[in-house]
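The next block holds one structure in the form of structure tokens; read it before the comments.
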Amino acid sequence: MNDGLILYVPGSVMILALLIKAPTLRRGWDQPLMRAVCTLLVVGCLVMFLAAPPTISAVNRFTGVVNFSAPLVYSALTAFSGSCIVLVLQWGGGPPAVVRRATRLTVAVFSAVTLLIVVLFAIGDAPVERLRDLDTYYANTPWLREMIVCYLLAHTVGSSTLTLLCWKWLLRVRPSLRPLRTGLALIVLGGALDLGYLVAKWAAVGARWAGRDWDGLSTYVAPPFASAAALMVGSGFIVPLVGGSAAWRDFSRYRRLHPLWKALRGFAASSVTTVPLTWWSPIGIRLIHRESVIDDGILALASWFDPAVRGAAHEAALGQGMCASRASVVADAAMLAAACRRREAAAAEAAAAGAGAEEEADQGLPEPYRLDSRPLAALAREFRTSPIVAAVRRDPAAL
């Protein structure tokens, strides 16, 4: 079973990517690109599970044919390579008629190679079962040698084409499209790892042709490369799918608001009763709850805001070369940090004196804090990272 985990794990990642893509596939089955992505994931899953030694042994026993798994795995790997090229054609775009012809030609060629692999295995002679080193063990056997070359060539063409396309696309994608850039980078990394797999395989088979024994490259070096490559490619398809979803965007905002929520939740609790959340509450509800707690905390601190602190922080931010909009956010964060400190100090004095603290006159609350969560995300970032805010938090009179 341990021999299979190295391939079962990336296969499971590809299944996860397919499950995530399933709703989109159901809605957009008429889109060739969608079908190409899902075909690639399905075939990739099959390759990972069929190529694992425990599966190979089970298939051979079930069919009663020695090494029956060999053409099965090689055919699946060839289909995966063809799926890579079809995906490249769909991603590359162009005139629909040209793309359709190229796709049909690719499918025909790789289908022919798949059929050739089956025929070569049928006319060849492989009497000894090999679970891990069939490539090198039969590298000099007539017909089986040609079968091995066919699948290696097909895989080399398909993998290198997909990697090259994703690399070119990665260079053109805007930095703001972070999930897509991350996904493409993972696919390119997977392609580089797959190159290591192919180098090891070709070197081991070539050594057999030259009368040398480099079987360890194929048996022990190539499988980890294949597993890591499949894991990266599967993750590369998952990241853009998840990263571009509404749930992921809500989670990102929820995480970025944590500094403000942590600082203000105590003040909000003293002014209003919030509804507790259950552990299974969806992320959208959790985001609304966190924003509400922050807004309530800001409202509770409204009378502790000092415009002088805000003005000094604004001037300091402008003096550091910040644009006007960012300087305004830094100034608001500094005023809020000073209010938190003053409110905590007043509460401590009141607790020591045994009486409540006398509130100062309400100086109002800046409108953006109550109207939009996006300024809250920027406010949370500056509240956590700005040196100006850190200085005010240590000493409100520091500026």
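Chain lettering (A, B, ...) mirrors the order of the structure tokens, residue numbering begins at 1 for each chain separately, and ligand numbering begins at 1 in order of display.
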(request) Write down as a ChimeraX atom specification the residues of segment 98-208 of chain A whose backbone DSSP state falls under helix (DSSP H, G or I). (result) /A:98-123,134-137,144-172,178-208
(request) Find the residues around Leu77 of chain A up to 10 Å (only C-alpha atoms counted), leave out those fewer than 5 positions away in its own chain, and share them as an MDAnalysis selection string. (result) chainID A and resid 43:44 46:48 50:51 71:72 82:83 114 151:152 154:155 158
(message) Report as a list in words all protein, DNA and RNA residues lying within 8 Å of Ile6 of chain A, evaluated on only C-alpha atoms, omitting residues in the same chain fewer than 5 positions from it.
(response) Ala52, Pro223, Pro224 and Ser227 of chain A
(request) Write out as JSON, numbers by chain the residues lying within 9 Å of Leu287 of chain A, counting only C-alpha atoms and excluding same-chain residues fewer than 5 positions away. (result) {"A": [250, 251, 253, 254, 255, 257, 282, 292]}
(message) Under the rule that only C-alpha atoms are counted, which of A:Met232, A:Leu105, A:Met147, A:Ala317 is the nearest residue to Glu382 of chain A?
(response) A:Ala317
(message) For segment 390-394 of chain A, find every residue with an atom within 9 Å (counting only C-alpha atoms), except residues of its own chain fewer than 5 positions away, and show them as a ChimeraX atom specification.
(response) /A:309,313,334-335,337-338,340-341,383-385,399
Per residue of segment 80-156 of chain A within 10 Å of segment 36-40 of chain A, note the shortest atom pair and the distance in Å to one decimal, counting only C-alpha atoms, and order the rows by chain and increasing residue number, as a tab-separated table.
residue	atom	partner	partner_atom	distance
A:Phe80	CA	A:Leu40	CA	6.1
A:Ser81	CA	A:Leu40	CA	8.6
A:Gly82	CA	A:Leu40	CA	8.8
A:Ser83	CA	A:Leu40	CA	5.3
A:Cys84	CA	A:Leu40	CA	6.7
A:Ile85	CA	A:Ala36	CA	9.5
A:Val86	CA	A:Ala36	CA	6.6
A:Leu87	CA	A:Ala36	CA	5.4
A:Val88	CA	A:Ala36	CA	9.1
A:Leu89	CA	A:Ala36	CA	9.5
A:Gln90	CA	A:Ala36	CA	7.6
A:Trp91	CA	A:Ala36	CA	9.5
Just to be explicit: take each residue in the selection above, keep C-alpha atoms, and write the result as a tab-separated table (two decimals), in the first residue's frame.
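Saved file out-v7.tsv follows:
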chain	number	residue	atom	x	y	z
A	80	PHE	CA	-3.49	12.18	-20.95
A	81	SER	CA	-0.79	13.51	-23.28
A	82	GLY	CA	-3.36	14.02	-26.03
A	83	SER	CA	-5.65	15.79	-23.55
A	84	CYS	CA	-2.80	18.18	-22.74
A	85	ILE	CA	-2.46	19.17	-26.39
A	86	VAL	CA	-6.23	19.54	-26.81
A	87	LEU	CA	-6.27	21.82	-23.78
A	88	VAL	CA	-3.43	23.81	-25.33
A	89	LEU	CA	-5.43	24.23	-28.53
A	90	GLN	CA	-8.53	25.39	-26.64
A	91	TRP	CA	-6.56	27.78	-24.45
(message) Could you tell me how far atom CA of Leu189 of chain A sits from atom CA of Ser235 of chain A, in Å to one decimal place?
(response)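 The value is 10.7 Å.
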(request) Would you work out the distance separating atom CA of Ala200 of chain A from atom CA of Leu115 of chain A, expressed in Å to one decimal? (result)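 Going from atom CA of Ala200 of chain A over to atom CA of Leu115 of chain A, I get 25.5 Å.
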(message) If we count only C-alpha atoms and set the cut-off at 10 Å, which residues sit around segment 205-207 of chain A, ignoring sequence neighbours fewer than 5 positions away in its own chain? Please answer as an NGL selection string.
(response) :A and (135-140 or 145 or 148-149 or 199-200 or 212-215 or 217-218)
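Nearest to Glu344 of chain A of all the residues A:Ser160, A:Leu116, A:Phe267, A:Ser57 is A:Phe267, based on only C-alpha atoms.
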(message) Under the rule that only C-alpha atoms are counted, which of A:Ala331, A:Ile294, A:Ala347, A:Leu16 is the nearest residue to Arg310 of chain A?
(response)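 Smallest distance to Arg310 of chain A is found for A:Ala331.
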